[in-house]
Amino acid sequence: MKLLKTPQEAKKELMKFKEKSIGFTPTMGALHAGHLSLIEKSLEENDISVVSIFVNPTQFDNPEDLKKYPVLLEKDLALLEELKVDFVFLPTYETLYPDNYAYQVQENEFSKKLCGAFREGHFTGVLTVVMKLLNIVAPTRAYFGEKDYQQLQLVKGMTEAFFMDVEIVPCPIVREKDGLAMSSRNLRLSKEERKRAPLLYKLLSSNKSDADVKLELKKNGFKVDYVETLNGRRFGAAYLGKVRLIDNVEI
Ligand code: PAF
């Protein structure tokens with residue numbers, strides 16, 4: 001497994017595999033079984049697999065959330081080595097944003113709904129960094145989890161709008177035994193919050209109305225951003241303490 005530190009180094013190295021298929025999984029690290037399922041799919045479907053680890057500051061609307069985002073680089077690298085990933089790209093803000101975020105990729109419709117209505121600038125940060133990463137890695141396929149369903153749709157839309165030569169591969173949500181969708185932020189739940197957290201999935205999958213699900217979550221100490229049904233899916237986002245959980249289910 002080779003570590004790539006700068007966009008220039010990554011481009012030069014990956015160019016050598018132009019004739020091969022390249023699978024790419026962008027992450028912010030603190031890898032869990034959800035990430036590993038994306039990476040395993042990439043390893044199965046491509047000649048070469050690349051994973052990036054970069055906690056992207058431009059997508060955090062809350063500085064406290066950025067500061068507390070779990071960083072477990074040594075453990076992540078050991079996991080990726082074990083999986084036999086070919087390349088890990090580890091850029092820094094300075095190398096990935098030589099323009100200091102003067103250039104941005106913005107979507108003006110779907111990104112304003114659901115999470116976008118509560119997290120100012122979040123999806124502009126996500127789309128901008130994903131555009132940069134895709135331009136550097138130039139993958140055949142890129143893997144995104146359905147837990148961040150809105151992100152997945154927006155990234156897919158961006159690649160279509162800008163005629164980008166990459167297949168966006170959606171990967172199903174991986175859940176803990178009690179139904180909680182896997183997320184790096186789950187590490188920040190207290191023991192007691194962790195016990196309550198699966199209620200979000202349980203209620204989203206129930207046949208209660210969106211309004212009743214919201215009420216029930218509030219009764220159980222969640223601070224709800226939204227519960228909304230859109231295009232055959234029910235989406236929810238709510239805080240338990242300082243940790244924001246999101247989930248969605250097909251209905
Ligand atoms: O889903 C994530 O972990 C991030 O939003 C991504 C796609 C790696 C961009 O920073």
# chains A, B, ... in the order shown; residues from 1 in each chain; ligands from 1
$ closest_atom_pairs --of "chain A" --to "ligand 1" --cutoff "9 Å" --atoms "only C-alpha atoms and all ligand atoms" --output "JSON lines"
{"residue": "A:Thr25", "atom": "CA", "partner": "ligand 1", "partner_atom_place_in_ligand_line": "8 (C)", "distance": 7.8}
{"residue": "A:Pro26", "atom": "CA", "partner": "ligand 1", "partner_atom_place_in_ligand_line": "8 (C)", "distance": 4.4}
{"residue": "A:Thr27", "atom": "CA", "partner": "ligand 1", "partner_atom_place_in_ligand_line": "8 (C)", "distance": 3.7}
{"residue": "A:Met28", "atom": "CA", "partner": "ligand 1", "partner_atom_place_in_ligand_line": "3 (O)", "distance": 4.7}
{"residue": "A:Gly29", "atom": "CA", "partner": "ligand 1", "partner_atom_place_in_ligand_line": "3 (O)", "distance": 7.5}
{"residue": "A:His35", "atom": "CA", "partner": "ligand 1", "partner_atom_place_in_ligand_line": "3 (O)", "distance": 8.7}
{"residue": "A:Ser52", "atom": "CA", "partner": "ligand 1", "partner_atom_place_in_ligand_line": "8 (C)", "distance": 7.6}
{"residue": "A:Ile53", "atom": "CA", "partner": "ligand 1", "partner_atom_place_in_ligand_line": "8 (C)", "distance": 7.4}
{"residue": "A:Phe54", "atom": "CA", "partner": "ligand 1", "partner_atom_place_in_ligand_line": "10 (O)", "distance": 6.7}
{"residue": "A:Val55", "atom": "CA", "partner": "ligand 1", "partner_atom_place_in_ligand_line": "10 (O)", "distance": 6.4}
{"residue": "A:Asn56", "atom": "CA", "partner": "ligand 1", "partner_atom_place_in_ligand_line": "10 (O)", "distance": 5.1}
{"residue": "A:Pro57", "atom": "CA", "partner": "ligand 1", "partner_atom_place_in_ligand_line": "10 (O)", "distance": 8.4}
{"residue": "A:Thr58", "atom": "CA", "partner": "ligand 1", "partner_atom_place_in_ligand_line": "10 (O)", "distance": 8.7}
{"residue": "A:Gln59", "atom": "CA", "partner": "ligand 1", "partner_atom_place_in_ligand_line": "10 (O)", "distance": 7.1}
{"residue": "A:His122", "atom": "CA", "partner": "ligand 1", "partner_atom_place_in_ligand_line": "5 (O)", "distance": 9.0}
{"residue": "A:Phe123", "atom": "CA", "partner": "ligand 1", "partner_atom_place_in_ligand_line": "5 (O)", "distance": 8.4}
{"residue": "A:Gly125", "atom": "CA", "partner": "ligand 1", "partner_atom_place_in_ligand_line": "10 (O)", "distance": 7.7}
{"residue": "A:Val126", "atom": "CA", "partner": "ligand 1", "partner_atom_place_in_ligand_line": "9 (C)", "distance": 5.0}
{"residue": "A:Leu127", "atom": "CA", "partner": "ligand 1", "partner_atom_place_in_ligand_line": "9 (C)", "distance": 7.6}
{"residue": "A:Thr128", "atom": "CA", "partner": "ligand 1", "partner_atom_place_in_ligand_line": "9 (C)", "distance": 8.7}
{"residue": "A:Val129", "atom": "CA", "partner": "ligand 1", "partner_atom_place_in_ligand_line": "9 (C)", "distance": 6.1}
{"residue": "A:Val130", "atom": "CA", "partner": "ligand 1", "partner_atom_place_in_ligand_line": "9 (C)", "distance": 5.8}
{"residue": "A:Leu133", "atom": "CA", "partner": "ligand 1", "partner_atom_place_in_ligand_line": "9 (C)", "distance": 8.8}
{"residue": "A:Phe144", "atom": "CA", "partner": "ligand 1", "partner_atom_place_in_ligand_line": "7 (C)", "distance": 7.1}
{"residue": "A:Gly145", "atom": "CA", "partner": "ligand 1", "partner_atom_place_in_ligand_line": "1 (O)", "distance": 7.5}
{"residue": "A:Lys147", "atom": "CA", "partner": "ligand 1", "partner_atom_place_in_ligand_line": "1 (O)", "distance": 8.9}
{"residue": "A:Asp148", "atom": "CA", "partner": "ligand 1", "partner_atom_place_in_ligand_line": "1 (O)", "distance": 6.7}
{"residue": "A:Gln151", "atom": "CA", "partner": "ligand 1", "partner_atom_place_in_ligand_line": "5 (O)", "distance": 7.2}
{"residue": "A:Leu152", "atom": "CA", "partner": "ligand 1", "partner_atom_place_in_ligand_line": "7 (C)", "distance": 8.4}
{"residue": "A:Val155", "atom": "CA", "partner": "ligand 1", "partner_atom_place_in_ligand_line": "7 (C)", "distance": 8.6}
{"residue": "A:Ser184", "atom": "CA", "partner": "ligand 1", "partner_atom_place_in_ligand_line": "3 (O)", "distance": 8.8}
$ residues_around --residues "Ser49 in chain A" --least-positions-apart "2" --cutoff "8 Å" --atoms "only C-alpha atoms" --output "ChimeraX atom specification"
/A:22-25,39,42-43,46-47,51,85-87
$ select_by_dssp --residues "range 71-108 of chain A" --states "helix (DSSP H, G or I)" --output "mmCIF file with C-alpha atoms, in the first residue's frame"
data_model
loop_
_atom_site.group_PDB
_atom_site.id
_atom_site.type_symbol
_atom_site.label_atom_id
_atom_site.label_comp_id
_atom_site.auth_asym_id
_atom_site.auth_seq_id
_atom_site.Cartn_x
_atom_site.Cartn_y
_atom_site.Cartn_z
ATOM 1 C CA LEU A 73 -5.103 7.721 11.243
ATOM 2 C CA GLU A 74 -2.851 4.899 12.476
ATOM 3 C CA LYS A 75 -5.796 2.572 13.006
ATOM 4 C CA ASP A 76 -7.298 3.531 9.619
ATOM 5 C CA LEU A 77 -4.038 2.848 7.794
ATOM 6 C CA ALA A 78 -3.704 -0.556 9.483
ATOM 7 C CA LEU A 79 -7.247 -1.467 8.348
ATOM 8 C CA LEU A 80 -6.565 -0.339 4.777
ATOM 9 C CA GLU A 81 -3.296 -2.257 4.678
ATOM 10 C CA GLU A 82 -5.117 -5.380 5.817
ATOM 11 C CA LEU A 83 -7.716 -4.943 3.052
ATOM 12 C CA TYR A 93 -5.847 21.734 3.348
ATOM 13 C CA GLU A 94 -2.921 23.741 1.913
ATOM 14 C CA THR A 95 -2.244 21.282 -0.905
ATOM 15 C CA LEU A 96 -5.907 20.594 -1.747
#
$ closest_residue --among "A:Pro63, A:Gly121, A:Pro139, A:Gly116" --to "Lys11 in chain A" --atoms "only C-alpha atoms"
A:Pro139
$ closest_residue --among "A:Leu187, A:Leu38, A:Val50, A:Val249" --to "Leu230 in chain A" --atoms "only C-alpha atoms"
A:Val249
$ select_by_dssp --residues "range 37-243 of chain A" --states "strand (DSSP E)" --output "ChimeraX atom specification"
/A:48-53,87-89,141-145,167-171,223-230,233-240,243
$ closest_atom_pairs --of "range 153-216 of chain A" --to "range 224-229 of chain A" --cutoff "12 Å" --atoms "only C-alpha atoms" --output "tab-separated table"
residue	atom	partner	partner_atom	distance
A:Leu200	CA	A:Val227	CA	9.8
A:Tyr201	CA	A:Val227	CA	11.3
A:Leu203	CA	A:Val227	CA	10.0
A:Leu204	CA	A:Val227	CA	8.0
A:Ser205	CA	A:Thr229	CA	11.3
A:Asn207	CA	A:Thr229	CA	11.9
A:Lys208	CA	A:Val227	CA	11.3
A:Ser209	CA	A:Thr229	CA	9.3
A:Asp210	CA	A:Val227	CA	5.7
A:Ala211	CA	A:Val227	CA	7.5
A:Asp212	CA	A:Val227	CA	9.5
A:Val213	CA	A:Val227	CA	7.3
A:Lys214	CA	A:Val227	CA	6.2
A:Leu215	CA	A:Val224	CA	8.9
A:Glu216	CA	A:Val224	CA	10.1
$ atom_distance --atom1 "CA of Asp165 in chain A" --atom2 "CA of Glu19 in chain A"
14.2 Å
$ residues_around --residues "Ile251 in chain A" --least-positions-apart "2" --cutoff "7 Å" --atoms "only C-alpha atoms" --output "list of chain:residue names"
A:Gly232, A:Arg233, A:Arg234, A:Val249
